[in-house]
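Reviewing the structure listed below.
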Amino acid sequence: MNAAVRVETLKLTRSPVGVIGTIALVAGTFALLGGITAAVAQGNPDLTAKAGPAAELTWHGLISGAVQITVAAGFLGFGVVLAWIFAREFTDGTITGLFALAISRQRIALAKLTVYALWVAMVSLALMVGLLAMGLVLGYGAPDADTWVGLGRVGVLALLTGALAVPVAWVATLSRSLLAGVGTAIGLVIIAQVGALAGAGGWMPFAAPALWAMSNGTVVTFAQLAVCVGLALVSAWLVCGSWSRLQLDR
């Protein structure tokens, strides 16, 4: 199992998809936040009106902007990388070689999910540390208790969003298609947006983390967030089960 995790780690860290995905999620977030901050500082009325709480040149505004960006880009960014992690074996034709390995395909799938989870955790940590550094550079002063809670909320939002993207791996496995996986990631973004607009609230798992973060944790309960974690675990179980039943003639 450890060997499989090392191999999957090398695949992700040495691939353009992994590098670009990380840059898009981390550096892209801070580039957008920098643009919003600059526009607000210059008094751009249109952007100020659209940014809402993010239009404040304070810790609260910075964290609100990070939440909005993570909500919009999280499913797509995490989902694309996850689709590649699983579908590349089919698109590159390397799936046949996996049948000759001593380790079971179920464990290979588990190793892929483990590496993905570690990558999501690293991205989440990078977002929190980057936000802290950005706020200090912008001169917002030492973080108070509410700011630390807000920074932590951004990290938890990223973790939950990454966890809820796991169904992408299942679809990519069943379809053996990278495009199907990417399409599922886009579909999750749409489901989350429609669920929020339809008033499904915290009981819509794909929308619950966003509502929780944007409301400062006031409109979504712990039980509703637990449903999100449960959905991610069920999806991971389905992925591993699908890999255990893979056949070369299909």
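All residue names refer to the structure tokens as shown: chains lettered A, B, ... in order, residues numbered from 1 in each chain, ligands numbered from 1 in order.
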
Segment 243-247 of chain A surroundings by only C-alpha atoms, 12 Å radius, close-in-sequence under 3 positions cut, as a PyMOL selection string: chain A and resi 86-87+89-90+95-96+98-99+103-113+169-176+236-240+250

If you keep N, CA and C atoms, can you produce a file of those selected residues as a tab-separated table (two decimals), in the first residue's frame?
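What landed in again.tsv:
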chain	number	residue	atom	x	y	z
A	86	PHE	N	-7.88	9.33	-11.95
A	86	PHE	CA	-8.49	8.02	-12.21
A	86	PHE	C	-8.61	7.69	-13.69
A	87	ALA	N	-8.97	8.66	-14.50
A	87	ALA	CA	-9.22	8.37	-15.91
A	87	ALA	C	-7.94	8.22	-16.72
A	89	GLU	N	-5.47	6.33	-16.38
A	89	GLU	CA	-5.10	4.93	-16.59
A	89	GLU	C	-5.80	4.36	-17.82
A	90	PHE	N	-6.99	4.84	-18.11
A	90	PHE	CA	-7.74	4.36	-19.27
A	90	PHE	C	-7.33	5.11	-20.53
A	95	ILE	N	-3.90	0.99	-17.82
A	95	ILE	CA	-4.75	0.16	-16.96
A	95	ILE	C	-4.41	-1.32	-17.10
A	96	THR	N	-3.97	-1.75	-18.28
A	96	THR	CA	-3.64	-3.17	-18.49
A	96	THR	C	-2.47	-3.59	-17.61
A	98	LEU	N	-1.76	-2.53	-14.69
A	98	LEU	CA	-2.15	-2.62	-13.29
A	98	LEU	C	-2.67	-4.01	-12.93
A	99	PHE	N	-3.16	-4.74	-13.95
A	99	PHE	CA	-3.68	-6.09	-13.68
A	99	PHE	C	-2.54	-7.07	-13.39
A	103	ILE	N	-0.32	-5.96	-6.08
A	103	ILE	CA	-1.29	-5.25	-5.26
A	103	ILE	C	-2.65	-5.24	-5.97
A	104	SER	N	-3.72	-5.33	-5.21
A	104	SER	CA	-5.05	-5.38	-5.80
A	104	SER	C	-5.44	-4.02	-6.36
A	105	ARG	N	-6.33	-4.05	-7.33
A	105	ARG	CA	-6.78	-2.79	-7.94
A	105	ARG	C	-7.58	-1.96	-6.94
A	106	GLN	N	-8.24	-2.62	-6.00
A	106	GLN	CA	-8.96	-1.89	-4.96
A	106	GLN	C	-8.00	-1.05	-4.12
A	107	ARG	N	-6.84	-1.62	-3.80
A	107	ARG	CA	-5.84	-0.88	-3.04
A	107	ARG	C	-5.22	0.24	-3.87
A	108	ILE	N	-5.11	0.01	-5.16
A	108	ILE	CA	-4.60	1.08	-6.04
A	108	ILE	C	-5.57	2.26	-6.03
A	109	ALA	N	-6.86	1.95	-6.10
A	109	ALA	CA	-7.86	3.02	-6.03
A	109	ALA	C	-7.80	3.75	-4.70
A	110	LEU	N	-7.62	2.97	-3.63
A	110	LEU	CA	-7.52	3.58	-2.30
A	110	LEU	C	-6.27	4.47	-2.20
A	111	ALA	N	-5.18	4.03	-2.83
A	111	ALA	CA	-3.96	4.83	-2.85
A	111	ALA	C	-4.19	6.14	-3.61
A	112	LYS	N	-4.91	6.06	-4.71
A	112	LYS	CA	-5.22	7.27	-5.48
A	112	LYS	C	-6.04	8.25	-4.64
A	113	LEU	N	-7.03	7.72	-3.94
A	113	LEU	CA	-7.87	8.57	-3.09
A	113	LEU	C	-7.07	9.16	-1.94
A	169	ALA	N	-14.57	10.76	-9.36
A	169	ALA	CA	-13.73	9.58	-9.55
A	169	ALA	C	-14.55	8.36	-9.92
A	170	TRP	N	-15.73	8.24	-9.32
A	170	TRP	CA	-16.60	7.11	-9.62
A	170	TRP	C	-17.09	7.16	-11.06
A	171	VAL	N	-17.54	8.33	-11.49
A	171	VAL	CA	-18.01	8.48	-12.87
A	171	VAL	C	-16.87	8.25	-13.86
A	172	ALA	N	-15.68	8.78	-13.55
A	172	ALA	CA	-14.53	8.59	-14.44
A	172	ALA	C	-14.17	7.11	-14.55
A	173	THR	N	-14.36	6.37	-13.46
A	173	THR	CA	-14.07	4.93	-13.48
A	173	THR	C	-15.10	4.17	-14.29
A	174	LEU	N	-16.37	4.44	-14.03
A	174	LEU	CA	-17.44	3.71	-14.74
A	174	LEU	C	-17.42	4.00	-16.23
A	175	SER	N	-17.16	5.26	-16.59
A	175	SER	CA	-17.17	5.65	-17.99
A	175	SER	C	-15.83	5.44	-18.67
A	176	ARG	N	-14.77	5.30	-17.87
A	176	ARG	CA	-13.40	5.19	-18.38
A	176	ARG	C	-13.07	6.39	-19.26
A	236	ALA	N	-16.30	7.22	-2.02
A	236	ALA	CA	-15.00	6.55	-2.01
A	236	ALA	C	-15.17	5.03	-2.00
A	237	TRP	N	-16.14	4.55	-1.24
A	237	TRP	CA	-16.42	3.11	-1.19
A	237	TRP	C	-16.87	2.60	-2.56
A	238	LEU	N	-17.69	3.38	-3.25
A	238	LEU	CA	-18.14	2.99	-4.59
A	238	LEU	C	-16.97	2.97	-5.58
A	239	VAL	N	-16.07	3.91	-5.45
A	239	VAL	CA	-14.90	3.96	-6.33
A	239	VAL	C	-14.04	2.70	-6.13
A	240	CYS	N	-13.73	2.39	-4.89
A	240	CYS	CA	-12.89	1.22	-4.61
A	240	CYS	C	-13.59	-0.06	-5.06
A	250	ARG	N	-13.69	-4.78	-20.83
A	250	ARG	CA	-14.74	-3.76	-20.73
A	250	ARG	C	-14.06	-2.38	-20.67

Top pick for closest residue to Ala210 of chain A, considering A:Ile69, A:Met128, A:Val149, A:Leu12 and counting only C-alpha atoms: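 Nearest candidate to Ala210 of chain A out of A:Ile69, A:Met128, A:Val149, A:Leu12: A:Ile69.
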
A:Thr114, A:Gly35, A:Val71, A:Gly61 ranked by distance to Val5 of chain A, top pick (using only C-alpha atoms): A:Thr114

Given only C-alpha atoms as the counted atoms, nearest of A:Gly230, A:Gly79, A:Gly74, A:Gly43 to Val26 of chain A: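 Nearest to Val26 of chain A: A:Gly74.
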
What lies within 10 Å of segment 75-78 of chain A using only C-alpha atoms, ignoring chain neighbours under 2 positions off, as a PDB file with N, CA and C atoms, in the first residue's frame?
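Result went into out05.pdb, see below:
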ATOM      1  N   GLY A  18      -1.420  18.087 -12.241  1.00  0.00           N
ATOM      2  CA  GLY A  18      -1.296  18.346 -10.820  1.00  0.00           C
ATOM      3  C   GLY A  18      -0.714  19.717 -10.528  1.00  0.00           C
ATOM      4  N   ILE A  20      -0.605  22.416 -12.617  1.00  0.00           N
ATOM      5  CA  ILE A  20      -1.507  23.477 -13.064  1.00  0.00           C
ATOM      6  C   ILE A  20      -2.726  23.574 -12.163  1.00  0.00           C
ATOM      7  N   GLY A  21      -3.246  22.417 -11.724  1.00  0.00           N
ATOM      8  CA  GLY A  21      -4.397  22.428 -10.827  1.00  0.00           C
ATOM      9  C   GLY A  21      -4.086  23.122  -9.518  1.00  0.00           C
ATOM     10  N   THR A  22      -2.907  22.870  -8.986  1.00  0.00           N
ATOM     11  CA  THR A  22      -2.505  23.519  -7.737  1.00  0.00           C
ATOM     12  C   THR A  22      -2.344  25.020  -7.932  1.00  0.00           C
ATOM     13  N   ILE A  23      -1.685  25.394  -9.014  1.00  0.00           N
ATOM     14  CA  ILE A  23      -1.483  26.822  -9.289  1.00  0.00           C
ATOM     15  C   ILE A  23      -2.821  27.533  -9.494  1.00  0.00           C
ATOM     16  N   ALA A  24      -3.725  26.869 -10.224  1.00  0.00           N
ATOM     17  CA  ALA A  24      -5.024  27.494 -10.501  1.00  0.00           C
ATOM     18  C   ALA A  24      -5.814  27.723  -9.221  1.00  0.00           C
ATOM     19  N   LEU A  25      -5.778  26.747  -8.319  1.00  0.00           N
ATOM     20  CA  LEU A  25      -6.567  26.863  -7.095  1.00  0.00           C
ATOM     21  C   LEU A  25      -5.940  27.818  -6.083  1.00  0.00           C
ATOM     22  N   THR A  70     -13.537  30.275  -3.568  1.00  0.00           N
ATOM     23  CA  THR A  70     -13.436  28.840  -3.305  1.00  0.00           C
ATOM     24  C   THR A  70     -14.738  28.128  -3.636  1.00  0.00           C
ATOM     25  N   VAL A  71     -15.842  28.761  -3.310  1.00  0.00           N
ATOM     26  CA  VAL A  71     -17.148  28.185  -3.637  1.00  0.00           C
ATOM     27  C   VAL A  71     -17.304  28.024  -5.148  1.00  0.00           C
ATOM     28  N   ALA A  72     -16.867  29.018  -5.903  1.00  0.00           N
ATOM     29  CA  ALA A  72     -17.050  28.992  -7.354  1.00  0.00           C
ATOM     30  C   ALA A  72     -16.073  28.052  -8.057  1.00  0.00           C
ATOM     31  N   ALA A  73     -14.831  28.020  -7.572  1.00  0.00           N
ATOM     32  CA  ALA A  73     -13.791  27.294  -8.298  1.00  0.00           C
ATOM     33  C   ALA A  73     -13.450  25.936  -7.699  1.00  0.00           C
ATOM     34  N   VAL A  80     -11.435  18.337 -11.690  1.00  0.00           N
ATOM     35  CA  VAL A  80     -10.623  18.092 -12.883  1.00  0.00           C
ATOM     36  C   VAL A  80      -9.399  17.256 -12.530  1.00  0.00           C
ATOM     37  N   VAL A  81      -8.728  17.618 -11.446  1.00  0.00           N
ATOM     38  CA  VAL A  81      -7.545  16.853 -11.033  1.00  0.00           C
ATOM     39  C   VAL A  81      -7.935  15.430 -10.648  1.00  0.00           C
ATOM     40  N   LEU A  82      -9.033  15.276  -9.928  1.00  0.00           N
ATOM     41  CA  LEU A  82      -9.479  13.946  -9.522  1.00  0.00           C
ATOM     42  C   LEU A  82      -9.861  13.101 -10.736  1.00  0.00           C
ATOM     43  N   ALA A  83     -10.525  13.713 -11.707  1.00  0.00           N
ATOM     44  CA  ALA A  83     -10.876  12.982 -12.932  1.00  0.00           C
ATOM     45  C   ALA A  83      -9.622  12.479 -13.632  1.00  0.00           C
ATOM     46  N   TYR A 116      -4.990  11.947  -3.320  1.00  0.00           N
ATOM     47  CA  TYR A 116      -5.888  13.071  -3.604  1.00  0.00           C
ATOM     48  C   TYR A 116      -6.260  13.796  -2.316  1.00  0.00           C
ATOM     49  N   TRP A 119      -3.412  15.880  -1.146  1.00  0.00           N
ATOM     50  CA  TRP A 119      -3.267  17.066  -2.000  1.00  0.00           C
ATOM     51  C   TRP A 119      -4.311  18.120  -1.649  1.00  0.00           C
ATOM     52  N   VAL A 120      -5.549  17.705  -1.432  1.00  0.00           N
ATOM     53  CA  VAL A 120      -6.610  18.642  -1.040  1.00  0.00           C
ATOM     54  C   VAL A 120      -6.249  19.317   0.281  1.00  0.00           C
ATOM     55  N   VAL A 123      -3.579  21.924  -0.366  1.00  0.00           N
ATOM     56  CA  VAL A 123      -4.152  23.111  -1.008  1.00  0.00           C
ATOM     57  C   VAL A 123      -4.930  23.942   0.009  1.00  0.00           C
ATOM     58  N   ALA A 158     -12.608  24.405   1.832  1.00  0.00           N
ATOM     59  CA  ALA A 158     -11.827  23.766   0.769  1.00  0.00           C
ATOM     60  C   ALA A 158     -11.778  22.253   0.972  1.00  0.00           C
ATOM     61  N   LEU A 160     -13.997  20.302   2.556  1.00  0.00           N
ATOM     62  CA  LEU A 160     -15.307  19.715   2.274  1.00  0.00           C
ATOM     63  C   LEU A 160     -15.615  19.717   0.783  1.00  0.00           C
ATOM     64  N   THR A 161     -15.217  20.779   0.103  1.00  0.00           N
ATOM     65  CA  THR A 161     -15.438  20.834  -1.339  1.00  0.00           C
ATOM     66  C   THR A 161     -14.644  19.746  -2.046  1.00  0.00           C
ATOM     67  N   GLY A 162     -13.393  19.559  -1.624  1.00  0.00           N
ATOM     68  CA  GLY A 162     -12.594  18.487  -2.203  1.00  0.00           C
ATOM     69  C   GLY A 162     -13.191  17.118  -1.925  1.00  0.00           C
ATOM     70  N   ALA A 163     -13.727  16.920  -0.719  1.00  0.00           N
ATOM     71  CA  ALA A 163     -14.339  15.638  -0.375  1.00  0.00           C
ATOM     72  C   ALA A 163     -15.591  15.369  -1.205  1.00  0.00           C
ATOM     73  N   LEU A 164     -16.384  16.409  -1.427  1.00  0.00           N
ATOM     74  CA  LEU A 164     -17.627  16.244  -2.178  1.00  0.00           C
ATOM     75  C   LEU A 164     -17.392  16.065  -3.677  1.00  0.00           C
ATOM     76  N   ALA A 165     -16.151  16.260  -4.118  1.00  0.00           N
ATOM     77  CA  ALA A 165     -15.831  16.035  -5.533  1.00  0.00           C
ATOM     78  C   ALA A 165     -15.535  14.571  -5.833  1.00  0.00           C
ATOM     79  N   VAL A 166     -15.484  13.714  -4.815  1.00  0.00           N
ATOM     80  CA  VAL A 166     -15.128  12.304  -5.003  1.00  0.00           C
ATOM     81  C   VAL A 166     -16.051  11.568  -5.982  1.00  0.00           C
ATOM     82  N   VAL A 168     -16.785  12.351  -8.768  1.00  0.00           N
ATOM     83  CA  VAL A 168     -16.129  12.498 -10.073  1.00  0.00           C
ATOM     84  C   VAL A 168     -15.278  11.264 -10.376  1.00  0.00           C
ATOM     85  N   VAL A 182     -14.670  15.238 -16.048  1.00  0.00           N
ATOM     86  CA  VAL A 182     -14.684  16.701 -16.048  1.00  0.00           C
ATOM     87  C   VAL A 182     -16.118  17.220 -16.155  1.00  0.00           C
ATOM     88  N   GLY A 183     -16.912  16.561 -16.986  1.00  0.00           N
ATOM     89  CA  GLY A 183     -18.316  16.953 -17.100  1.00  0.00           C
ATOM     90  C   GLY A 183     -19.059  16.802 -15.792  1.00  0.00           C
ATOM     91  N   THR A 184     -18.729  15.769 -15.033  1.00  0.00           N
ATOM     92  CA  THR A 184     -19.349  15.577 -13.721  1.00  0.00           C
ATOM     93  C   THR A 184     -18.949  16.693 -12.768  1.00  0.00           C
ATOM     94  N   ALA A 185     -17.682  17.107 -12.834  1.00  0.00           N
ATOM     95  CA  ALA A 185     -17.233  18.221 -11.987  1.00  0.00           C
ATOM     96  C   ALA A 185     -18.027  19.485 -12.288  1.00  0.00           C
ATOM     97  N   ILE A 186     -18.236  19.742 -13.571  1.00  0.00           N
ATOM     98  CA  ILE A 186     -19.036  20.908 -13.960  1.00  0.00           C
ATOM     99  C   ILE A 186     -20.479  20.734 -13.467  1.00  0.00           C
ATOM    100  N   GLY A 187     -20.986  19.509 -13.571  1.00  0.00           N
ATOM    101  CA  GLY A 187     -22.338  19.240 -13.093  1.00  0.00           C
ATOM    102  C   GLY A 187     -22.498  19.481 -11.603  1.00  0.00           C
ATOM    103  N   LEU A 188     -21.463  19.164 -10.829  1.00  0.00           N
ATOM    104  CA  LEU A 188     -21.521  19.399  -9.388  1.00  0.00           C
ATOM    105  C   LEU A 188     -21.601  20.890  -9.076  1.00  0.00           C
ATOM    106  N   VAL A 189     -20.884  21.690  -9.867  1.00  0.00           N
ATOM    107  CA  VAL A 189     -20.966  23.145  -9.691  1.00  0.00           C
ATOM    108  C   VAL A 189     -22.393  23.621  -9.930  1.00  0.00           C
ATOM    109  N   ILE A 190     -23.008  23.108 -10.989  1.00  0.00           N
ATOM    110  CA  ILE A 190     -24.374  23.505 -11.330  1.00  0.00           C
ATOM    111  C   ILE A 190     -25.354  23.048 -10.251  1.00  0.00           C
ATOM    112  N   ALA A 192     -24.766  22.487  -7.116  1.00  0.00           N
ATOM    113  CA  ALA A 192     -24.582  23.303  -5.915  1.00  0.00           C
ATOM    114  C   ALA A 192     -25.259  24.662  -6.058  1.00  0.00           C
ATOM    115  N   PHE A 206     -24.093  19.249  -1.660  1.00  0.00           N
ATOM    116  CA  PHE A 206     -23.135  19.959  -2.505  1.00  0.00           C
ATOM    117  C   PHE A 206     -23.192  21.469  -2.307  1.00  0.00           C
TER     118      PHE A 206
END

A:Ala4, A:Leu62, A:Ala207, A:Met122 ranked by distance to Cys228 of chain A, top pick (using only C-alpha atoms):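 Going through A:Ala4, A:Leu62, A:Ala207, A:Met122 one by one, the smallest distance to Cys228 of chain A is for A:Ala207.
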
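With only C-alpha atoms as the atoms that count, the minimum distance from Val227 of chain A to the choices A:Gly202, A:Gly130, A:Gly181, A:Gly34 is reached by A:Gly202.
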
Polymer residues at most 12 Å from Gly152 of chain A, only C-alpha atoms, same-chain spacing of 3 or more positions, as a ChimeraX atom specification: /A:63,66-67,124-129,131-132,145-149,155-159,213,216-217

Counting only C-alpha atoms, the option among A:Gln68, A:Leu136, A:Ile36, A:Asp144 closest to Trp212 of chain A: A:Gln68

Which of segment 18-243 of chain A DSSP labels alpha helix (DSSP H), written as a ChimeraX atom specification: /A:18-41,45-51,59-91,95-98,105-137,145-164,167-175,178-197,208-214,222-243

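Note that atom CA of Met204 of chain A and atom CA of Ile85 of chain A are 26.5 Å apart.
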